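Data block below; observations after.
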Amino acid sequence: MRSAPYGSWPSPIDAALAAAHDGRPEWVGFVGDEVWWTEPRPAEGGRRALVRRRTDGGEESVLPPPWNVRSRVIEYGGRPWTGEVHDGRPLIVFVHFADQRLYRYEPGGEPTPLTPVSPVGGGLRWAEPRLDLARGEVWCVLEESTGDGPDDIRRVQAAVPLDGSAADDRAAVRELTEPRHRFVTGARVSPDGRRAAWLAWDHPRMPWDGTELLVADVTEDGLLKDARTVAGGPDEAVAQVEWSADGGLLYSSDRGGWWNLYRDGTPLCPREEEFGGPLWQLGLRWFAPLDSGLLAVVHGRGPTVLGILDPGSGEIVDAVGPWTECAAALATHGARVVTVAAGPRTAYEVVELDTATGRARVIGSRHRDPVDPAYYPEPRLRTFTGPDGREVHAHVYPPHHPARTAPDGELPPYVIWAHGGPTSRVPLVLDLAIAYFTSRGIGVAEVNYGGSTGYGRAYRERLRGQWGVVDVEDCAAVARALADEGTADPARLAIRGGSAGGWTTAASLTTTDVYACGTVIYPVLDLATWGPGDTHDFESRYLESLIGPRDEVPDRYAERSPTTHADRLTAPFLLLQGLDDVICPPAQSERFLARIAGRGVPHAYLTFAGEGHGFRRADTMVRALEAELSLYAQVFGLNPTPPVPKVELTP
């Protein structure tokens, strides 16, 4: 074991390797006996490929570039494809990202459009398609622009003909319900075909604040009539709804303080664990019924695992394997369950559980170690004490290298990672972007600050009216604790985050003296220009819960904004921005930079054409990671081996 200063350790995990392994498979489903899913292709412009696993075990990408299977409904998207076996072969319907049209595809042929292009605003967008072959339709959520503004939106359940007759005719799309709610999820039809259930909510609520579970009758002519609310409300968030094989209504509700499962209003397995989560995308599934009456469930307190729940006894048997995190991506077929799962030493994979045998195995997107696993970080789950004695959950990743150690007496630099959302959390999984830093001798601490999901509604609501306060305090509490206990060098602490995490990063740099520098990625920076008319519709009223109603606490919007306090900023920083970002537009970053102009604060501003909210292209991710390491090298006095391109910090 050789001695070398922190930040100088040589590592085989370079930025290109980290970028190549960014992202994860999503939207698993069965097409007959085959398992299909989407997965990222960073080297192909960041597109999402549709992949199938044939019954012989072979795996193939179904559609070549430039086909990109991804929906932009509510900007964060939703389930973009569906499929069934029809006349002996797969029939697939999917959303193509570039034009957001629905396409019909059968292997051996070419995709043909089913929906038209609208010249109005963001056009027509679709999510959660479900085939109704008896009617010759695909049912889905339609998001339709009614004008050029981001708030000019309507959403409704709709049916699209499979024969292509609506490809150039919006009038040929049937609307199944009246557009009585601002937001809706896709309809779930009961086994007897007589009823349908879905979720709905309206501004200013977000779906984790309160949703309504609606049930309607399916008429003979295929309309959804007499919709009535059977669960949920302003203070009860129903995260998912399904039907059991015998016609019971199953749903996940947080009415008891945790997202637990219910059948026709009766709790199935009351626990202080989550069996649901925040509905950032339409079509997420934390549970799925099996033909046997059992339920496949993703559950946990913090990290989540795959289990099989017996609704009669309330008992759960968890799948055995190296996976400590399961995504809200369940699909079932017979006795088979498929999900997407990962662990601290395993990236996300497509995993199948055979409930008949109890065997779990990887069947797609198999993790293969691109380097010696000895370079992977070794996370520690920690609970810290924040202000007023409150608990703060975090994953701490100390510097780790199989052949290097630091000189006696040297403490490592640490970077606090603030997650996005903010109503979200960081999963406990292998992330080569973290390994990029830890294998070079830079520690990372991911903080699930107050407001994060996975720990019950009370923990989630700590951020109500306190965004920019609780998140900042909790991140600082973790940083200070690491320094006080001798884990981190108090003079070499940094903070970084994207989106809402970018807000927390910028707020931390402008209101605390904890950090020597920070990396701010596609951030929210100015609340006065982040709301109705300024950002996308889904989050346009989010601030009413995070900050407070604007007409009641107008001063708070300025007081909390990092742009307002830019004059307090003295720490060097890196600002990364996608130029096509409609959620956190470049104007936010540009106003912030204007406020610090001429003040002598060292910084760099890197922009990326063609990137939106969340970087997806390999070249972008490489440039961003190398620039971030360069920032830390300059501020902390590190000498990376080999050197990375220097990002110029200009005052």
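If you're wondering about the labels, chains in the structure tokens are A, B, ... by order shown, residues count from 1 in each chain, ligands from 1 in order shown.
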
Counting only C-alpha atoms, which residues in region 414-443 of chain A sit no more than 9 Å from region 294-310 of chain A? For each one, give the nearest pair of atoms and the distance in Å, sorted by chain then residue number, as a Markdown table.
```
| residue | atom | partner | partner_atom | distance |
| --- | --- | --- | --- | --- |
| A:Arg425 | CA | A:Gly302 | CA | 8.2 |
| A:Val426 | CA | A:Gly302 | CA | 8.9 |
| A:Pro427 | CA | A:Pro303 | CA | 6.4 |
| A:Leu428 | CA | A:Pro303 | CA | 6.5 |
```

Store the residues of this selection in a file with N, CA and C atoms, as a CSV table (one decimal), in the first residue's frame.
```csv
chain,number,residue,atom,x,y,z
A,425,ARG,N,-35.2,11.1,-3.1
A,425,ARG,CA,-34.1,10.6,-2.2
A,425,ARG,C,-33.0,10.0,-3.0
A,426,VAL,N,-31.9,9.8,-2.4
A,426,VAL,CA,-30.8,9.1,-3.1
A,426,VAL,C,-30.8,7.6,-2.8
A,427,PRO,N,-30.8,6.7,-3.8
A,427,PRO,CA,-30.8,5.3,-3.6
A,427,PRO,C,-29.4,4.8,-3.2
A,428,LEU,N,-29.3,3.7,-2.5
A,428,LEU,CA,-28.0,3.1,-2.1
A,428,LEU,C,-27.6,2.1,-3.2
```

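DSSP, applied to the backbone of this structure, assigns helix (DSSP H, G or I) to the following residues of region 4-51 of chain A: Ala15, Ala16, Leu17, Ala18, Ala19, Ala20, Pro42, Ala43 and Glu44 of chain A.
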
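Of all the residues in region 49-110 of chain A, the ones DSSP labels as strand (DSSP E or B) from the backbone are Ala49, Leu50, Val51, Arg52, Arg53, Glu59, Glu60, Ser61, Val69, Gly78, Trp81, Thr82, Gly83, Glu84, Val85, His86, Arg89, Pro90, Leu91, Ile92, Val93, Phe94, Val95, His96, Leu102, Tyr103, Arg104 and Tyr105 of chain A.
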
Please, which residues in region 189-229 of chain A fall within 12 Å of region 254-258 of chain A when counting only C-alpha atoms, and what is the closest atom pair and distance in Å to one decimal for each, ordered by chain then residue number, as a tab-separated table?
```
residue	atom	partner	partner_atom	distance
A:Pro207	CA	A:Asp254	CA	11.5
A:Trp208	CA	A:Asp254	CA	8.9
A:Asp209	CA	A:Asp254	CA	9.6
A:Gly210	CA	A:Asp254	CA	9.3
A:Thr211	CA	A:Asp254	CA	10.5
```

Please dump the current selection as a PDB file, in the first residue's frame; keep N, CA and C atoms.
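The result, written out as again36.pdb:
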```pdb
ATOM      1  N   PRO A 207     -48.475  15.581  -6.456  1.00  0.00           N
ATOM      2  CA  PRO A 207     -49.106  14.272  -6.241  1.00  0.00           C
ATOM      3  C   PRO A 207     -48.739  13.622  -4.912  1.00  0.00           C
ATOM      4  N   TRP A 208     -47.635  14.052  -4.290  1.00  0.00           N
ATOM      5  CA  TRP A 208     -47.279  13.519  -2.969  1.00  0.00           C
ATOM      6  C   TRP A 208     -47.937  14.319  -1.848  1.00  0.00           C
ATOM      7  N   ASP A 209     -48.612  15.418  -2.183  1.00  0.00           N
ATOM      8  CA  ASP A 209     -49.384  16.156  -1.186  1.00  0.00           C
ATOM      9  C   ASP A 209     -50.779  15.547  -1.031  1.00  0.00           C
ATOM     10  N   GLY A 210     -51.462  15.367  -2.151  1.00  0.00           N
ATOM     11  CA  GLY A 210     -52.800  14.809  -2.112  1.00  0.00           C
ATOM     12  C   GLY A 210     -53.305  14.499  -3.503  1.00  0.00           C
ATOM     13  N   THR A 211     -53.853  13.308  -3.664  1.00  0.00           N
ATOM     14  CA  THR A 211     -54.449  12.899  -4.936  1.00  0.00           C
ATOM     15  C   THR A 211     -55.809  12.282  -4.660  1.00  0.00           C
TER      16      THR A 211
END
```

Using 12 Å as the limit and counting only C-alpha atoms, can you tabulate each residue of region 381-444 of chain A that touches region 612-621 of chain A, with its shortest atom-to-atom distance in Å and the two atoms involved, as JSON lines?
```
{"residue": "A:Gly420", "atom": "CA", "partner": "A:Gly614", "partner_atom": "CA", "distance": 10.3}
{"residue": "A:Gly421", "atom": "CA", "partner": "A:His613", "partner_atom": "CA", "distance": 11.9}
{"residue": "A:Leu432", "atom": "CA", "partner": "A:Met621", "partner_atom": "CA", "distance": 11.9}
{"residue": "A:Ala433", "atom": "CA", "partner": "A:Met621", "partner_atom": "CA", "distance": 9.6}
```

- request: Could you tell me which of A:Ile442, A:Leu282, A:Ala187, A:Ile363 comes closest to Ala488 (chain A) if we count only C-alpha atoms?
  value: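 The shortest atom-to-atom distance to Ala488 (chain A) comes from A:Ile442.
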
message: Ranking A:Ile153, A:Val582, A:Leu353, A:Ala483 by minimum distance to His536 (chain A) and counting only C-alpha atoms, which one comes first?
response: A:Val582

- prompt: Do you know which residues are at most 12 Å from His603 (chain A) counting only C-alpha atoms, after dropping those on the same chain fewer than 6 positions away, and could you put them as a VMD selection string?
  reply: chain A and resid 517 to 520 569 to 576 592 to 593 596 to 597 627 to 628 630 to 632 634 to 635 647 to 651

Expected file: the selected residues, N, CA and C atoms, as a PDB file, in the first residue's frame:
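Everything below was put into out07.pdb:
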```
ATOM      1  N   CYS A 517     -16.161  25.509  -1.699  1.00  0.00           N
ATOM      2  CA  CYS A 517     -16.567  25.679  -3.093  1.00  0.00           C
ATOM      3  C   CYS A 517     -17.805  24.839  -3.341  1.00  0.00           C
ATOM      4  N   GLY A 518     -18.347  24.940  -4.554  1.00  0.00           N
ATOM      5  CA  GLY A 518     -19.532  24.162  -4.877  1.00  0.00           C
ATOM      6  C   GLY A 518     -19.748  24.018  -6.364  1.00  0.00           C
ATOM      7  N   THR A 519     -20.510  22.982  -6.732  1.00  0.00           N
ATOM      8  CA  THR A 519     -20.878  22.727  -8.124  1.00  0.00           C
ATOM      9  C   THR A 519     -22.391  22.778  -8.227  1.00  0.00           C
ATOM     10  N   VAL A 520     -22.883  23.703  -9.025  1.00  0.00           N
ATOM     11  CA  VAL A 520     -24.312  23.989  -9.147  1.00  0.00           C
ATOM     12  C   VAL A 520     -24.753  23.547 -10.548  1.00  0.00           C
ATOM     13  N   LEU A 569     -21.813  35.824  -1.721  1.00  0.00           N
ATOM     14  CA  LEU A 569     -21.054  34.690  -2.231  1.00  0.00           C
ATOM     15  C   LEU A 569     -19.578  35.041  -2.342  1.00  0.00           C
ATOM     16  N   THR A 570     -18.744  34.216  -1.738  1.00  0.00           N
ATOM     17  CA  THR A 570     -17.295  34.407  -1.846  1.00  0.00           C
ATOM     18  C   THR A 570     -16.591  33.128  -2.302  1.00  0.00           C
ATOM     19  N   ALA A 571     -17.250  31.986  -2.160  1.00  0.00           N
ATOM     20  CA  ALA A 571     -16.609  30.707  -2.491  1.00  0.00           C
ATOM     21  C   ALA A 571     -16.608  30.480  -3.997  1.00  0.00           C
ATOM     22  N   PRO A 572     -15.538  29.935  -4.540  1.00  0.00           N
ATOM     23  CA  PRO A 572     -15.512  29.582  -5.967  1.00  0.00           C
ATOM     24  C   PRO A 572     -16.599  28.558  -6.286  1.00  0.00           C
ATOM     25  N   PHE A 573     -17.110  28.627  -7.515  1.00  0.00           N
ATOM     26  CA  PHE A 573     -18.161  27.676  -7.889  1.00  0.00           C
ATOM     27  C   PHE A 573     -18.123  27.398  -9.378  1.00  0.00           C
ATOM     28  N   LEU A 574     -18.715  26.251  -9.716  1.00  0.00           N
ATOM     29  CA  LEU A 574     -18.898  25.830 -11.101  1.00  0.00           C
ATOM     30  C   LEU A 574     -20.391  25.759 -11.355  1.00  0.00           C
ATOM     31  N   LEU A 575     -20.850  26.346 -12.457  1.00  0.00           N
ATOM     32  CA  LEU A 575     -22.265  26.352 -12.815  1.00  0.00           C
ATOM     33  C   LEU A 575     -22.419  25.652 -14.164  1.00  0.00           C
ATOM     34  N   LEU A 576     -23.229  24.575 -14.190  1.00  0.00           N
ATOM     35  CA  LEU A 576     -23.433  23.764 -15.385  1.00  0.00           C
ATOM     36  C   LEU A 576     -24.890  23.856 -15.804  1.00  0.00           C
ATOM     37  N   PHE A 592     -28.364  35.000 -12.111  1.00  0.00           N
ATOM     38  CA  PHE A 592     -27.472  34.814 -10.966  1.00  0.00           C
ATOM     39  C   PHE A 592     -26.074  35.325 -11.293  1.00  0.00           C
ATOM     40  N   LEU A 593     -25.568  34.991 -12.465  1.00  0.00           N
ATOM     41  CA  LEU A 593     -24.234  35.430 -12.864  1.00  0.00           C
ATOM     42  C   LEU A 593     -24.163  36.948 -12.993  1.00  0.00           C
ATOM     43  N   ILE A 596     -23.365  38.621  -9.686  1.00  0.00           N
ATOM     44  CA  ILE A 596     -22.014  38.528  -9.119  1.00  0.00           C
ATOM     45  C   ILE A 596     -20.967  39.164 -10.029  1.00  0.00           C
ATOM     46  N   ALA A 597     -21.398  39.664 -11.163  1.00  0.00           N
ATOM     47  CA  ALA A 597     -20.448  40.239 -12.124  1.00  0.00           C
ATOM     48  C   ALA A 597     -19.629  41.350 -11.465  1.00  0.00           C
ATOM     49  N   ALA A 627     -14.731  18.886 -15.275  1.00  0.00           N
ATOM     50  CA  ALA A 627     -14.732  20.263 -14.788  1.00  0.00           C
ATOM     51  C   ALA A 627     -14.930  20.310 -13.281  1.00  0.00           C
ATOM     52  N   GLU A 628     -15.790  19.435 -12.778  1.00  0.00           N
ATOM     53  CA  GLU A 628     -16.023  19.397 -11.335  1.00  0.00           C
ATOM     54  C   GLU A 628     -14.750  18.998 -10.587  1.00  0.00           C
ATOM     55  N   SER A 630     -11.742  19.375 -11.648  1.00  0.00           N
ATOM     56  CA  SER A 630     -10.799  20.484 -11.794  1.00  0.00           C
ATOM     57  C   SER A 630     -11.067  21.582 -10.766  1.00  0.00           C
ATOM     58  N   LEU A 631     -12.341  21.858 -10.514  1.00  0.00           N
ATOM     59  CA  LEU A 631     -12.687  22.856  -9.489  1.00  0.00           C
ATOM     60  C   LEU A 631     -12.121  22.445  -8.142  1.00  0.00           C
ATOM     61  N   TYR A 632     -12.359  21.205  -7.736  1.00  0.00           N
ATOM     62  CA  TYR A 632     -11.891  20.757  -6.433  1.00  0.00           C
ATOM     63  C   TYR A 632     -10.365  20.738  -6.378  1.00  0.00           C
ATOM     64  N   GLN A 634      -8.301  22.720  -7.904  1.00  0.00           N
ATOM     65  CA  GLN A 634      -7.782  24.078  -7.752  1.00  0.00           C
ATOM     66  C   GLN A 634      -8.040  24.648  -6.364  1.00  0.00           C
ATOM     67  N   VAL A 635      -9.235  24.403  -5.843  1.00  0.00           N
ATOM     68  CA  VAL A 635      -9.592  24.993  -4.552  1.00  0.00           C
ATOM     69  C   VAL A 635      -8.935  24.247  -3.395  1.00  0.00           C
ATOM     70  N   VAL A 647     -10.452  23.715 -15.827  1.00  0.00           N
ATOM     71  CA  VAL A 647     -11.546  24.633 -16.076  1.00  0.00           C
ATOM     72  C   VAL A 647     -11.108  26.002 -15.564  1.00  0.00           C
ATOM     73  N   GLU A 648     -11.213  26.993 -16.409  1.00  0.00           N
ATOM     74  CA  GLU A 648     -10.746  28.324 -16.044  1.00  0.00           C
ATOM     75  C   GLU A 648     -11.760  29.004 -15.137  1.00  0.00           C
ATOM     76  N   LEU A 649     -11.322  29.374 -13.954  1.00  0.00           N
ATOM     77  CA  LEU A 649     -12.160  30.102 -13.006  1.00  0.00           C
ATOM     78  C   LEU A 649     -11.884  31.586 -13.168  1.00  0.00           C
ATOM     79  N   THR A 650     -12.885  32.303 -13.627  1.00  0.00           N
ATOM     80  CA  THR A 650     -12.711  33.726 -13.878  1.00  0.00           C
ATOM     81  C   THR A 650     -13.504  34.542 -12.868  1.00  0.00           C
ATOM     82  N   PRO A 651     -12.959  35.638 -12.377  1.00  0.00           N
ATOM     83  CA  PRO A 651     -13.682  36.472 -11.418  1.00  0.00           C
ATOM     84  C   PRO A 651     -14.805  37.263 -12.085  1.00  0.00           C
TER      85      PRO A 651
END
```

- prompt: Taking into account only C-alpha atoms, which residue in the set A:Val470, A:Val218, A:Val173, A:Ala167 is nearest to Pro422 (chain A)?
  reply: A:Val470

Non-local contacts of region 274-281 of chain A (8 Å; only C-alpha atoms; under 5 positions in same chain excluded) as a PDB file with N, CA, C and O atoms, in the first residue's frame:
```pdb
ATOM      1  N   ILE A  74     -45.742  15.832 -18.629  1.00  0.00           N
ATOM      2  CA  ILE A  74     -45.347  16.565 -17.408  1.00  0.00           C
ATOM      3  C   ILE A  74     -43.839  16.840 -17.376  1.00  0.00           C
ATOM      4  O   ILE A  74     -43.264  17.087 -16.315  1.00  0.00           O
ATOM      5  N   TYR A  76     -41.271  15.348 -17.042  1.00  0.00           N
ATOM      6  CA  TYR A  76     -40.489  14.248 -16.491  1.00  0.00           C
ATOM      7  C   TYR A  76     -40.859  12.917 -17.122  1.00  0.00           C
ATOM      8  O   TYR A  76     -40.191  11.906 -16.904  1.00  0.00           O
ATOM      9  N   GLY A  77     -41.936  12.898 -17.886  1.00  0.00           N
ATOM     10  CA  GLY A  77     -42.268  11.724 -18.667  1.00  0.00           C
ATOM     11  C   GLY A  77     -43.158  10.741 -17.944  1.00  0.00           C
ATOM     12  O   GLY A  77     -43.685  10.976 -16.857  1.00  0.00           O
ATOM     13  N   GLY A  78     -43.322   9.621 -18.580  1.00  0.00           N
ATOM     14  CA  GLY A  78     -44.144   8.539 -18.072  1.00  0.00           C
ATOM     15  C   GLY A  78     -43.883   7.302 -18.900  1.00  0.00           C
ATOM     16  O   GLY A  78     -43.024   7.307 -19.802  1.00  0.00           O
ATOM     17  N   ARG A  79     -44.617   6.248 -18.596  1.00  0.00           N
ATOM     18  CA  ARG A  79     -44.419   5.016 -19.345  1.00  0.00           C
ATOM     19  C   ARG A  79     -44.631   5.283 -20.830  1.00  0.00           C
ATOM     20  O   ARG A  79     -45.703   5.732 -21.238  1.00  0.00           O
ATOM     21  N   PRO A 207     -48.475  15.581  -6.456  1.00  0.00           N
ATOM     22  CA  PRO A 207     -49.106  14.272  -6.241  1.00  0.00           C
ATOM     23  C   PRO A 207     -48.739  13.622  -4.912  1.00  0.00           C
ATOM     24  O   PRO A 207     -49.452  12.732  -4.460  1.00  0.00           O
ATOM     25  N   TRP A 208     -47.635  14.052  -4.290  1.00  0.00           N
ATOM     26  CA  TRP A 208     -47.279  13.519  -2.969  1.00  0.00           C
ATOM     27  C   TRP A 208     -47.937  14.319  -1.848  1.00  0.00           C
ATOM     28  O   TRP A 208     -47.848  13.938  -0.687  1.00  0.00           O
ATOM     29  N   ALA A 239     -50.597   6.842  -4.306  1.00  0.00           N
ATOM     30  CA  ALA A 239     -49.483   6.816  -5.256  1.00  0.00           C
ATOM     31  C   ALA A 239     -49.730   5.903  -6.444  1.00  0.00           C
ATOM     32  O   ALA A 239     -49.151   6.104  -7.514  1.00  0.00           O
ATOM     33  N   GLN A 240     -50.582   4.884  -6.272  1.00  0.00           N
ATOM     34  CA  GLN A 240     -50.790   3.907  -7.346  1.00  0.00           C
ATOM     35  C   GLN A 240     -52.099   3.188  -7.104  1.00  0.00           C
ATOM     36  O   GLN A 240     -52.523   3.014  -5.959  1.00  0.00           O
ATOM     37  N   SER A 252     -52.095   2.238  -2.967  1.00  0.00           N
ATOM     38  CA  SER A 252     -51.101   2.643  -1.979  1.00  0.00           C
ATOM     39  C   SER A 252     -51.431   4.054  -1.516  1.00  0.00           C
ATOM     40  O   SER A 252     -51.485   4.982  -2.323  1.00  0.00           O
ATOM     41  N   SER A 253     -51.662   4.222  -0.215  1.00  0.00           N
ATOM     42  CA  SER A 253     -52.059   5.521   0.345  1.00  0.00           C
ATOM     43  C   SER A 253     -51.206   5.827   1.574  1.00  0.00           C
ATOM     44  O   SER A 253     -50.826   4.921   2.320  1.00  0.00           O
ATOM     45  N   TRP A 258     -47.573   6.682   6.301  1.00  0.00           N
ATOM     46  CA  TRP A 258     -46.650   5.955   5.430  1.00  0.00           C
ATOM     47  C   TRP A 258     -47.447   5.446   4.240  1.00  0.00           C
ATOM     48  O   TRP A 258     -48.642   5.149   4.364  1.00  0.00           O
ATOM     49  N   TRP A 259     -46.791   5.325   3.091  1.00  0.00           N
ATOM     50  CA  TRP A 259     -47.468   4.741   1.931  1.00  0.00           C
ATOM     51  C   TRP A 259     -47.621   3.239   2.179  1.00  0.00           C
ATOM     52  O   TRP A 259     -46.673   2.468   1.999  1.00  0.00           O
ATOM     53  N   ASN A 260     -48.807   2.834   2.585  1.00  0.00           N
ATOM     54  CA  ASN A 260     -49.123   1.434   2.818  1.00  0.00           C
ATOM     55  C   ASN A 260     -50.181   0.968   1.823  1.00  0.00           C
ATOM     56  O   ASN A 260     -50.839   1.787   1.149  1.00  0.00           O
ATOM     57  N   LEU A 261     -50.374  -0.342   1.740  1.00  0.00           N
ATOM     58  CA  LEU A 261     -51.290  -0.924   0.767  1.00  0.00           C
ATOM     59  C   LEU A 261     -52.671  -1.163   1.376  1.00  0.00           C
ATOM     60  O   LEU A 261     -52.795  -1.560   2.540  1.00  0.00           O
ATOM     61  N   TRP A 286     -45.121   0.475  -7.675  1.00  0.00           N
ATOM     62  CA  TRP A 286     -44.484  -0.062  -6.475  1.00  0.00           C
ATOM     63  C   TRP A 286     -45.083  -1.409  -6.082  1.00  0.00           C
ATOM     64  O   TRP A 286     -44.545  -2.077  -5.227  1.00  0.00           O
ATOM     65  N   PHE A 287     -46.221  -1.767  -6.657  1.00  0.00           N
ATOM     66  CA  PHE A 287     -46.793  -3.087  -6.391  1.00  0.00           C
ATOM     67  C   PHE A 287     -47.500  -3.573  -7.648  1.00  0.00           C
ATOM     68  O   PHE A 287     -47.885  -2.779  -8.514  1.00  0.00           O
ATOM     69  N   VAL A 297     -44.250  -6.525  -4.284  1.00  0.00           N
ATOM     70  CA  VAL A 297     -44.172  -5.198  -3.679  1.00  0.00           C
ATOM     71  C   VAL A 297     -42.728  -4.728  -3.631  1.00  0.00           C
ATOM     72  O   VAL A 297     -41.801  -5.511  -3.437  1.00  0.00           O
ATOM     73  N   VAL A 298     -42.549  -3.426  -3.822  1.00  0.00           N
ATOM     74  CA  VAL A 298     -41.291  -2.750  -3.541  1.00  0.00           C
ATOM     75  C   VAL A 298     -41.518  -1.985  -2.242  1.00  0.00           C
ATOM     76  O   VAL A 298     -42.413  -1.144  -2.168  1.00  0.00           O
ATOM     77  N   HIS A 299     -40.729  -2.277  -1.224  1.00  0.00           N
ATOM     78  CA  HIS A 299     -41.022  -1.682   0.075  1.00  0.00           C
ATOM     79  C   HIS A 299     -39.732  -1.446   0.853  1.00  0.00           C
ATOM     80  O   HIS A 299     -38.685  -2.042   0.567  1.00  0.00           O
ATOM     81  N   GLY A 300     -39.822  -0.585   1.865  1.00  0.00           N
ATOM     82  CA  GLY A 300     -38.675  -0.352   2.727  1.00  0.00           C
ATOM     83  C   GLY A 300     -38.773   0.977   3.435  1.00  0.00           C
ATOM     84  O   GLY A 300     -39.672   1.791   3.203  1.00  0.00           O
ATOM     85  N   ARG A 301     -37.824   1.183   4.309  1.00  0.00           N
ATOM     86  CA  ARG A 301     -37.656   2.445   5.039  1.00  0.00           C
ATOM     87  C   ARG A 301     -36.294   2.980   4.617  1.00  0.00           C
ATOM     88  O   ARG A 301     -35.261   2.494   5.053  1.00  0.00           O
ATOM     89  N   THR A 423     -38.539  16.572  -3.387  1.00  0.00           N
ATOM     90  CA  THR A 423     -39.304  15.437  -2.854  1.00  0.00           C
ATOM     91  C   THR A 423     -38.834  14.171  -3.547  1.00  0.00           C
ATOM     92  O   THR A 423     -39.445  13.692  -4.496  1.00  0.00           O
ATOM     93  N   SER A 424     -37.725  13.657  -3.065  1.00  0.00           N
ATOM     94  CA  SER A 424     -37.083  12.491  -3.660  1.00  0.00           C
ATOM     95  C   SER A 424     -36.093  11.954  -2.637  1.00  0.00           C
ATOM     96  O   SER A 424     -36.140  12.343  -1.471  1.00  0.00           O
ATOM     97  N   THR A 453     -38.106  11.515   0.561  1.00  0.00           N
ATOM     98  CA  THR A 453     -39.059  10.422   0.661  1.00  0.00           C
ATOM     99  C   THR A 453     -38.359   9.180   1.200  1.00  0.00           C
ATOM    100  O   THR A 453     -37.136   9.104   1.253  1.00  0.00           O
ATOM    101  N   GLY A 454     -39.176   8.197   1.588  1.00  0.00           N
ATOM    102  CA  GLY A 454     -38.644   6.943   2.095  1.00  0.00           C
ATOM    103  C   GLY A 454     -38.700   6.814   3.597  1.00  0.00           C
ATOM    104  O   GLY A 454     -38.437   5.737   4.135  1.00  0.00           O
ATOM    105  N   TYR A 455     -39.064   7.903   4.286  1.00  0.00           N
ATOM    106  CA  TYR A 455     -39.045   7.896   5.746  1.00  0.00           C
ATOM    107  C   TYR A 455     -40.376   8.359   6.343  1.00  0.00           C
ATOM    108  O   TYR A 455     -40.429   8.803   7.482  1.00  0.00           O
ATOM    109  N   GLY A 456     -41.445   8.261   5.580  1.00  0.00           N
ATOM    110  CA  GLY A 456     -42.755   8.631   6.070  1.00  0.00           C
ATOM    111  C   GLY A 456     -43.137  10.064   5.744  1.00  0.00           C
ATOM    112  O   GLY A 456     -42.298  10.896   5.387  1.00  0.00           O
TER     113      GLY A 456
END
```

- prompt: What lies within 6 Å of region 89-105 of chain A using only C-alpha atoms, ignoring chain neighbours under 4 positions off, as a list in words?
  reply: Asn68, Val69, Arg70, Ser71, Pro80, Trp81, Thr82, Gly83, Glu84, Val85, Pro111, Thr112, Pro113, Leu114, Thr115 and Arg125 of chain A

- prompt: Which is closer to Tyr375 (chain A) than all the others in A:Ser292, A:Thr38, A:Ser118, A:Ser11, using only C-alpha atoms?
  reply: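 The answer is A:Ser11, which sits nearest to Tyr375 (chain A).
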
- request: Provide the CA of Leu131 (chain A) to CA of Trp37 (chain A) distance in Å, to one decimal place.
  value: 16.7 Å

- prompt: CA of Arg390 (chain A) and CA of Val415 (chain A) are how many Å apart?
  reply: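 For CA of Arg390 (chain A) relative to CA of Val415 (chain A), the distance reads 22.0 Å.
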
field: A:Val230, A:Ala494, A:Ala329, A:Ala166 ranked by distance to Gly29 (chain A), top pick (using only C-alpha atoms)
entry: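 Residue with the minimum atom-to-atom distance to Gly29 (chain A): A:Ala329.
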
message: Can you tell me which residues surround Arg560 (chain A) at a distance of at most 9 Å, considering only C-alpha atoms, apart from same-chain residues fewer than 2 positions away, and format the answer as a ChimeraX atom specification?
response: /A:467-469,507,526-527,547,555-558,562-565
